[in-house]
>>> print(open('protein29.csv').read())   # CSV, C-alpha atoms and all ligand atoms
chain,number,residue,atom,x,y,z
A,1017,MET,CA,0.3,8.4,20.7
A,1018,SER,CA,0.3,12.1,21.4
A,1019,LYS,CA,2.5,13.3,18.5
A,1020,PRO,CA,0.7,15.4,15.9
A,1021,ASP,CA,-0.2,13.7,12.7
A,1022,TYR,CA,2.4,15.7,10.7
A,1023,ASP,CA,5.3,14.2,12.8
A,1024,ASN,CA,3.9,10.7,12.4
A,1025,GLU,CA,3.5,11.1,8.6
A,1026,LYS,CA,7.1,12.4,8.4
A,1027,ALA,CA,8.4,9.5,10.6
A,1028,ILE,CA,6.9,7.0,8.1
A,1029,LEU,CA,8.9,8.4,5.3
A,1030,ASP,CA,12.0,8.7,7.4
A,1031,ALA,CA,11.7,5.0,8.4
A,1032,TRP,CA,11.4,3.9,4.8
A,1033,GLU,CA,14.4,6.1,3.8
A,1034,ALA,CA,16.5,4.6,6.6
A,1035,ASN,CA,15.4,1.0,6.0
A,1036,ALA,CA,15.4,0.8,2.2
A,1037,LYS,CA,18.4,-1.6,2.2
A,1038,PRO,CA,17.1,-4.3,4.6
A,1039,TRP,CA,13.7,-3.9,2.9
A,1040,ILE,CA,15.1,-4.8,-0.6
A,1041,SER,CA,16.9,-7.8,0.9
A,1042,ALA,CA,13.8,-8.9,2.8
A,1043,VAL,CA,11.5,-8.8,-0.2
A,1044,ARG,CA,14.1,-10.3,-2.7
A,1045,SER,CA,15.1,-13.1,-0.3
A,1046,SER,CA,11.5,-14.0,0.4
A,1047,ALA,CA,12.1,-13.4,4.1
A,1048,ILE,CA,8.6,-12.3,5.0
A,1049,GLY,CA,6.7,-15.5,5.5
A,1050,THR,CA,3.2,-14.1,5.2
A,1051,ARG,CA,4.0,-12.7,1.8
A,1052,VAL,CA,5.3,-16.0,0.5
A,1053,ARG,CA,2.5,-18.0,2.0
A,1054,ALA,CA,-0.5,-15.7,1.4
A,1055,THR,CA,-0.4,-12.1,0.5
A,1056,ASP,CA,1.7,-12.0,-2.7
A,1057,ASP,CA,-0.7,-14.4,-4.3
A,1058,ALA,CA,-3.7,-12.6,-2.9
A,1059,ILE,CA,-2.8,-9.2,-4.4
A,1060,LEU,CA,-1.8,-10.8,-7.7
A,1061,GLY,CA,-5.0,-12.8,-7.9
A,1062,ALA,CA,-7.1,-9.7,-7.1
A,1063,ILE,CA,-5.4,-7.7,-9.9
A,1064,ARG,CA,-5.4,-10.5,-12.5
A,1065,ALA,CA,-9.1,-11.1,-11.9
A,1066,LEU,CA,-9.8,-7.5,-13.3
A,1067,SER,CA,-7.5,-8.0,-16.4
A,1068,PRO,CA,-6.4,-4.4,-16.3
A,1069,ALA,CA,-4.3,-3.1,-19.3
A,1070,SER,CA,-2.7,-0.4,-17.2
A,1071,VAL,CA,-1.9,-0.3,-13.5
A,1072,LEU,CA,-0.5,2.4,-11.1
A,1073,ASP,CA,1.4,0.7,-8.2
A,1074,VAL,CA,1.4,3.3,-5.4
A,1075,GLY,CA,4.2,2.9,-2.8
A,1076,CYS,CA,5.9,0.3,-5.1
A,1077,GLY,CA,9.0,-0.1,-2.9
A,1078,GLU,CA,11.7,-2.1,-4.8
A,1079,GLY,CA,9.2,-2.9,-7.5
A,1080,TRP,CA,8.4,-6.6,-7.2
A,1081,LEU,CA,4.7,-6.1,-8.0
A,1082,THR,CA,5.2,-3.6,-10.8
A,1083,ARG,CA,7.8,-6.0,-12.3
A,1084,THR,CA,5.6,-9.1,-12.0
A,1085,LEU,CA,2.6,-7.3,-13.7
A,1086,ALA,CA,4.7,-5.7,-16.4
A,1087,ASN,CA,6.2,-9.2,-17.2
A,1088,GLU,CA,2.6,-10.4,-17.7
A,1089,GLY,CA,2.0,-7.7,-20.3
A,1090,MET,CA,0.3,-4.9,-18.3
A,1091,ARG,CA,1.5,-1.3,-18.6
A,1092,VAL,CA,2.6,-0.5,-15.1
A,1093,LEU,CA,3.9,2.7,-13.4
A,1094,GLY,CA,5.3,2.2,-9.9
A,1095,VAL,CA,5.7,5.3,-7.7
A,1096,ASP,CA,7.4,5.7,-4.4
A,1097,ALA,CA,8.9,8.5,-2.3
A,1098,VAL,CA,12.2,6.7,-1.5
A,1099,GLY,CA,14.8,7.3,-4.2
A,1100,SER,CA,17.0,4.3,-3.4
A,1101,LEU,CA,13.9,2.0,-3.7
A,1102,VAL,CA,12.9,3.5,-7.0
A,1103,ASP,CA,16.5,3.1,-8.2
A,1104,ALA,CA,16.6,-0.6,-7.2
A,1105,ALA,CA,13.2,-1.1,-9.0
A,1106,ARG,CA,14.5,0.6,-12.2
A,1107,THR,CA,17.7,-1.4,-12.1
A,1108,ALA,CA,15.7,-4.7,-11.8
A,1109,GLY,CA,13.7,-3.6,-14.9
A,1110,GLY,CA,10.1,-4.2,-15.9
A,1111,GLY,CA,7.6,-1.3,-15.7
A,1112,GLU,CA,8.2,2.4,-15.4
A,1113,TYR,CA,9.0,4.2,-12.2
A,1114,LEU,CA,8.6,7.7,-10.7
A,1115,CYS,CA,9.8,9.1,-7.4
A,1116,LEU,CA,6.9,10.9,-5.8
A,1117,THR,CA,5.4,11.3,-2.4
A,1118,TYR,CA,1.7,10.7,-1.7
A,1119,ASP,CA,1.3,14.4,-0.9
A,1120,GLU,CA,2.7,15.2,-4.4
A,1121,ILE,CA,0.2,12.8,-6.0
A,1122,SER,CA,-2.6,14.4,-3.9
A,1123,ASP,CA,-1.5,17.8,-5.1
A,1124,GLY,CA,-2.0,16.7,-8.7
A,1125,LYS,CA,1.6,16.1,-9.8
A,1126,LEU,CA,0.7,12.7,-11.4
A,1127,GLU,CA,-1.2,13.0,-14.6
A,1128,ILE,CA,-2.2,9.5,-15.7
A,1129,GLU,CA,-5.3,7.4,-16.4
A,1130,VAL,CA,-5.2,3.7,-15.5
A,1131,ASP,CA,-7.5,0.7,-15.2
A,1132,ALA,CA,-6.3,-0.1,-11.7
A,1133,VAL,CA,-4.6,1.6,-8.8
A,1134,VAL,CA,-2.9,-0.8,-6.5
A,1135,CYS,CA,-1.6,-0.2,-3.0
A,1136,ASN,CA,0.1,-3.2,-1.5
A,1137,PHE,CA,1.0,-2.7,2.2
A,1138,SER,CA,1.9,0.9,1.3
A,1139,LEU,CA,-0.8,2.9,3.2
A,1140,PHE,CA,0.4,3.6,6.8
A,1141,GLY,CA,-0.6,7.2,7.3
A,1142,GLY,CA,-3.6,9.0,8.7
A,1143,GLU,CA,-4.9,12.1,6.9
A,1144,SER,CA,-2.4,11.8,4.1
A,1145,VAL,CA,-3.9,8.4,3.1
A,1146,GLU,CA,-7.4,9.9,3.0
A,1147,ARG,CA,-6.2,12.7,0.8
A,1148,LEU,CA,-4.4,10.3,-1.5
A,1149,ILE,CA,-7.5,8.0,-1.8
A,1150,ALA,CA,-9.6,11.1,-2.6
A,1151,THR,CA,-7.3,11.6,-5.6
A,1152,PHE,CA,-7.6,8.1,-7.1
A,1153,PRO,CA,-11.0,8.5,-8.8
A,1154,SER,CA,-9.4,11.2,-11.0
A,1155,LEU,CA,-6.6,8.7,-12.0
A,1156,LEU,CA,-8.9,5.9,-12.8
A,1157,ARG,CA,-10.9,5.2,-16.0
A,1158,PRO,CA,-14.6,5.1,-15.3
A,1159,ALA,CA,-14.7,1.3,-15.0
A,1160,GLY,CA,-11.4,1.2,-13.1
A,1161,ALA,CA,-10.8,-0.3,-9.7
A,1162,LEU,CA,-8.7,0.5,-6.6
A,1163,ILE,CA,-7.1,-2.5,-4.9
A,1164,ILE,CA,-5.7,-2.1,-1.4
A,1165,GLN,CA,-3.9,-4.8,0.6
A,1166,THR,CA,-3.2,-3.8,4.2
A,1167,VAL,CA,-2.5,-5.0,7.7
A,1168,HIS,CA,-5.4,-6.9,9.2
A,1169,PRO,CA,-6.5,-5.1,12.4
A,1170,GLU,CA,-7.1,-8.4,14.2
A,1171,THR,CA,-3.5,-9.6,13.7
A,1172,ALA,CA,-2.0,-6.2,14.3
A,1173,ASP,CA,-4.0,-5.1,17.3
A,1174,GLY,CA,-5.3,-7.4,20.0
A,1175,VAL,CA,-7.4,-4.6,21.6
A,1176,LEU,CA,-11.1,-4.8,20.7
A,1177,PRO,CA,-12.8,-2.8,19.4
A,1178,HIS,CA,-10.1,-1.7,16.9
A,1179,GLU,CA,-10.3,2.0,17.5
A,1180,ALA,CA,-8.8,4.0,14.6
A,1181,GLY,CA,-5.7,5.8,15.5
A,1182,TRP,CA,-1.9,5.8,15.6
A,1183,ARG,CA,-0.1,2.7,16.9
A,1184,GLU,CA,3.6,2.0,17.6
A,1185,GLY,CA,5.3,0.4,14.6
A,1186,SER,CA,7.4,-2.8,14.5
A,1187,TRP,CA,9.5,-4.6,11.9
A,1188,SER,CA,8.6,-7.9,13.4
A,1189,GLY,CA,8.5,-10.7,10.8
A,1190,CYS,CA,10.6,-8.7,8.3
A,1191,GLY,CA,13.9,-10.3,9.1
A,1192,PRO,CA,17.3,-8.8,10.1
A,1193,GLY,CA,18.8,-5.3,9.7
A,1194,PHE,CA,15.8,-3.1,10.4
A,1195,SER,CA,15.8,-0.2,12.9
A,1196,ASP,CA,13.5,2.6,14.2
A,1197,PRO,CA,10.0,1.5,13.1
A,1198,ALA,CA,7.6,4.4,12.4
A,1199,PRO,CA,4.1,4.7,13.9
A,1200,TRP,CA,1.2,3.7,11.7
A,1201,PHE,CA,-2.5,4.5,11.6
A,1202,LEU,CA,-4.7,1.5,12.3
A,1203,ARG,CA,-8.1,1.3,10.7
A,1204,SER,CA,-10.8,-1.4,11.2
A,1205,LYS,CA,-12.4,-3.0,8.2
A,1206,ASP,CA,-15.4,-0.7,8.5
A,1207,ASP,CA,-13.0,2.4,8.7
A,1208,TRP,CA,-11.4,1.3,5.5
A,1209,ILE,CA,-14.8,0.9,3.8
A,1210,ASP,CA,-15.9,4.3,5.1
A,1211,VAL,CA,-12.7,5.9,3.7
A,1212,LEU,CA,-13.3,4.4,0.3
A,1213,THR,CA,-17.0,5.1,0.1
A,1214,SER,CA,-16.6,8.7,1.3
A,1215,GLN,CA,-14.0,9.3,-1.5
A,1216,GLY,CA,-16.3,8.1,-4.3
A,1217,PHE,CA,-15.9,4.3,-4.4
A,1218,THR,CA,-19.5,3.2,-4.3
A,1219,ARG,CA,-18.9,-0.6,-4.5
A,1220,VAL,CA,-16.4,-2.0,-2.1
A,1221,GLU,CA,-15.6,-5.7,-1.6
A,1222,VAL,CA,-13.4,-6.9,1.3
A,1223,THR,CA,-11.7,-10.3,1.8
A,1224,ALA,CA,-9.2,-11.5,4.4
A,1225,PRO,CA,-6.6,-13.9,2.9
A,1226,ILE,CA,-5.6,-16.5,5.5
A,1227,ASP,CA,-2.0,-17.4,6.4
A,1228,PRO,CA,-2.1,-21.3,6.2
A,1229,ALA,CA,0.7,-21.5,8.8
A,1230,SER,CA,-1.4,-19.8,11.6
A,1231,GLY,CA,-5.0,-20.0,10.2
A,1232,ALA,CA,-5.2,-16.3,11.0
A,1233,PRO,CA,-5.9,-13.5,8.5
A,1234,ALA,CA,-2.7,-12.4,6.8
A,1235,SER,CA,-4.2,-9.1,5.5
A,1236,LEU,CA,-7.3,-7.2,4.6
A,1237,LEU,CA,-7.8,-6.9,0.8
A,1238,LEU,CA,-10.2,-4.3,-0.5
A,1239,THR,CA,-11.4,-3.7,-4.0
A,1240,GLY,CA,-13.3,-0.5,-4.7
A,1241,ARG,CA,-15.1,0.6,-7.8
A,1242,ILE,CA,-16.3,4.0,-8.8
A,1243,ARG,CA,-19.4,2.6,-10.5
A,1301,LIG,C1,5.8,-2.1,3.0
A,1301,LIG,S1,6.5,-1.2,1.6
A,1301,LIG,C2,5.6,-1.9,0.3
A,1301,LIG,C3,6.3,-1.8,-1.0
A,1301,LIG,C4,5.6,-2.6,-2.1
A,1301,LIG,N1,4.2,-2.1,-2.3
A,1301,LIG,C5,5.6,-4.1,-1.8
A,1301,LIG,O1,4.5,-4.7,-1.8
A,1301,LIG,O2,6.7,-4.6,-1.6
A,1301,LIG,C6,5.7,0.4,1.8
A,1301,LIG,C7,6.2,1.4,0.7
A,1301,LIG,O3,5.4,2.6,0.8
A,1301,LIG,C8,6.2,3.7,0.5
A,1301,LIG,N2,5.6,4.9,1.1
A,1301,LIG,C9,5.1,5.0,2.4
A,1301,LIG,N3,4.6,6.3,2.6
A,1301,LIG,C10,4.8,6.9,1.5
A,1301,LIG,C11,4.5,8.3,1.1
A,1301,LIG,N4,4.0,9.2,1.9
A,1301,LIG,N5,4.8,8.6,-0.2
A,1301,LIG,C12,5.4,7.7,-1.1
A,1301,LIG,N6,5.7,6.5,-0.7
A,1301,LIG,C13,5.4,6.1,0.5
A,1301,LIG,C14,7.5,3.4,1.2
A,1301,LIG,O4,8.6,4.1,0.7
A,1301,LIG,C15,7.6,1.9,0.9
A,1301,LIG,O5,8.3,1.6,-0.3
>>> encode(input="protein29.csv", output="structure tokens", more="lines below")
Ligand SMILES: C[S@@+](CC[C@H](N)C(=O)[O-])C[C@H]1O[C@@H](n2cnc3c(N)ncnc32)[C@H](O)[C@@H]1O
Amino acid sequence: MSKPDYDNEKAILDAWEANAKPWISAVRSSAIGTRVRATDDAILGAIRALSPASVLDVGCGEGWLTRTLANEGMRVLGVDAVGSLVDAARTAGGGEYLCLTYDEISDGKLEIEVDAVVCNFSLFGGESVERLIATFPSLLRPAGALIIQTVHPETADGVLPHEAGWREGSWSGCGPGFSDPAPWFLRSKDDWIDVLTSQGFTRVEVTAPIDPASGAPASLLLTGRIR
């Protein structure tokens, strides 16, 4: 894709603004099969295994994960750039919410210290994601962890090797009502590990939860620790 990074990063935010309504319905009606069969349990399991008292949910959307963790007694802050998603999350209750872009977080607008930073299918950008991840060590307590669940390159991109770069977006598998998908920046497993290690996460573990319906990986799940 020949557009400059800046245009693609903006297109990502525009697409979430435009598709907030169908997204809320898709999540709340369990319309996304891979979430129900595999990835919701995978992210919850990875977080619960660390028993964090406090969690930052980055790109929280309509708030299902923030809500679930808050209902389990964790102190959770969900942040997202899209006002209508944050409003829907607040209305549903559980946890605290702030409307912030990743660039604002990278610019130091979030002053918080937590045991875990979680990004569940919320990192689609190129350089903006690297800047954001570079900010996370300063938001984490020394023994804290970063947990990222993201699109698995094998299921998203049949072309081998998976060259890092922008790809055409799609709402396939999300259900009805969506329009104008944004491009997204594909990274291989090794690219993700490189991003995390270059930003101070010295220990990185990676798993690939399997979708029992297809036997294929449903996601890539990374846990990074600063020490
Ligand atoms: C696929 S949704 C995931 C939402 C939620 N984590 C979940 O598991 O349902 C991606 C979310 O990332 C948010 N997002 C994407 N880019 C962002 C940015 N640059 N700044 C803030 N939020 C962003 C979108 O608004 C959207 O709510």
>>> residues_near_ligand(input="protein29.csv", ligand="ligand LIG 1301 (chain A)", cutoff="8 Å", atoms="only C-alpha atoms and all ligand atoms", output="NGL selection string")
:A and (1025-1026 or 1028-1029 or 1032-1033 or 1036 or 1039 or 1043 or 1056 or 1073-1081 or 1095-1098 or 1101 or 1115-1119 or 1135-1141 or 1144)
>>> closest_residue(input="protein29.csv", among="A:Leu1072, A:Val1130, A:Ala1172, A:Ile1040", to="Ala1232 in chain A", atoms="all atoms listed in the file")
A:Ala1172
>>> closest_residue(input="protein29.csv", among="A:Asp1196, A:Asp1227, A:Leu1202, A:Arg1147", to="Asp1173 in chain A", atoms="all atoms listed in the file")
A:Leu1202
>>> closest_residue(input="protein29.csv", among="A:Gln1215, A:Thr1084, A:Ser1186, A:Asn1035", to="Leu1162 in chain A", atoms="all atoms listed in the file")
A:Gln1215
>>> atom_distance(input="protein29.csv", atom1="CA of Thr1151 in chain A", atom2="CA of Arg1241 in chain A")
13.7 Å
>>> closest_residue(input="protein29.csv", among="A:Ala1069, A:Ala1132, A:Ile1048, A:Ala1224", to="Gly1160 in chain A", atoms="only C-alpha atoms")
A:Ala1132
>>> atom_distance(input="protein29.csv", atom1="CA of Ala1031 in chain A", atom2="CA of Pro1197 in chain A")
6.1 Å
>>> atom_distance(input="protein29.csv", atom1="CA of Arg1083 in chain A", atom2="CA of Gly1124 in chain A")
25.0 Å
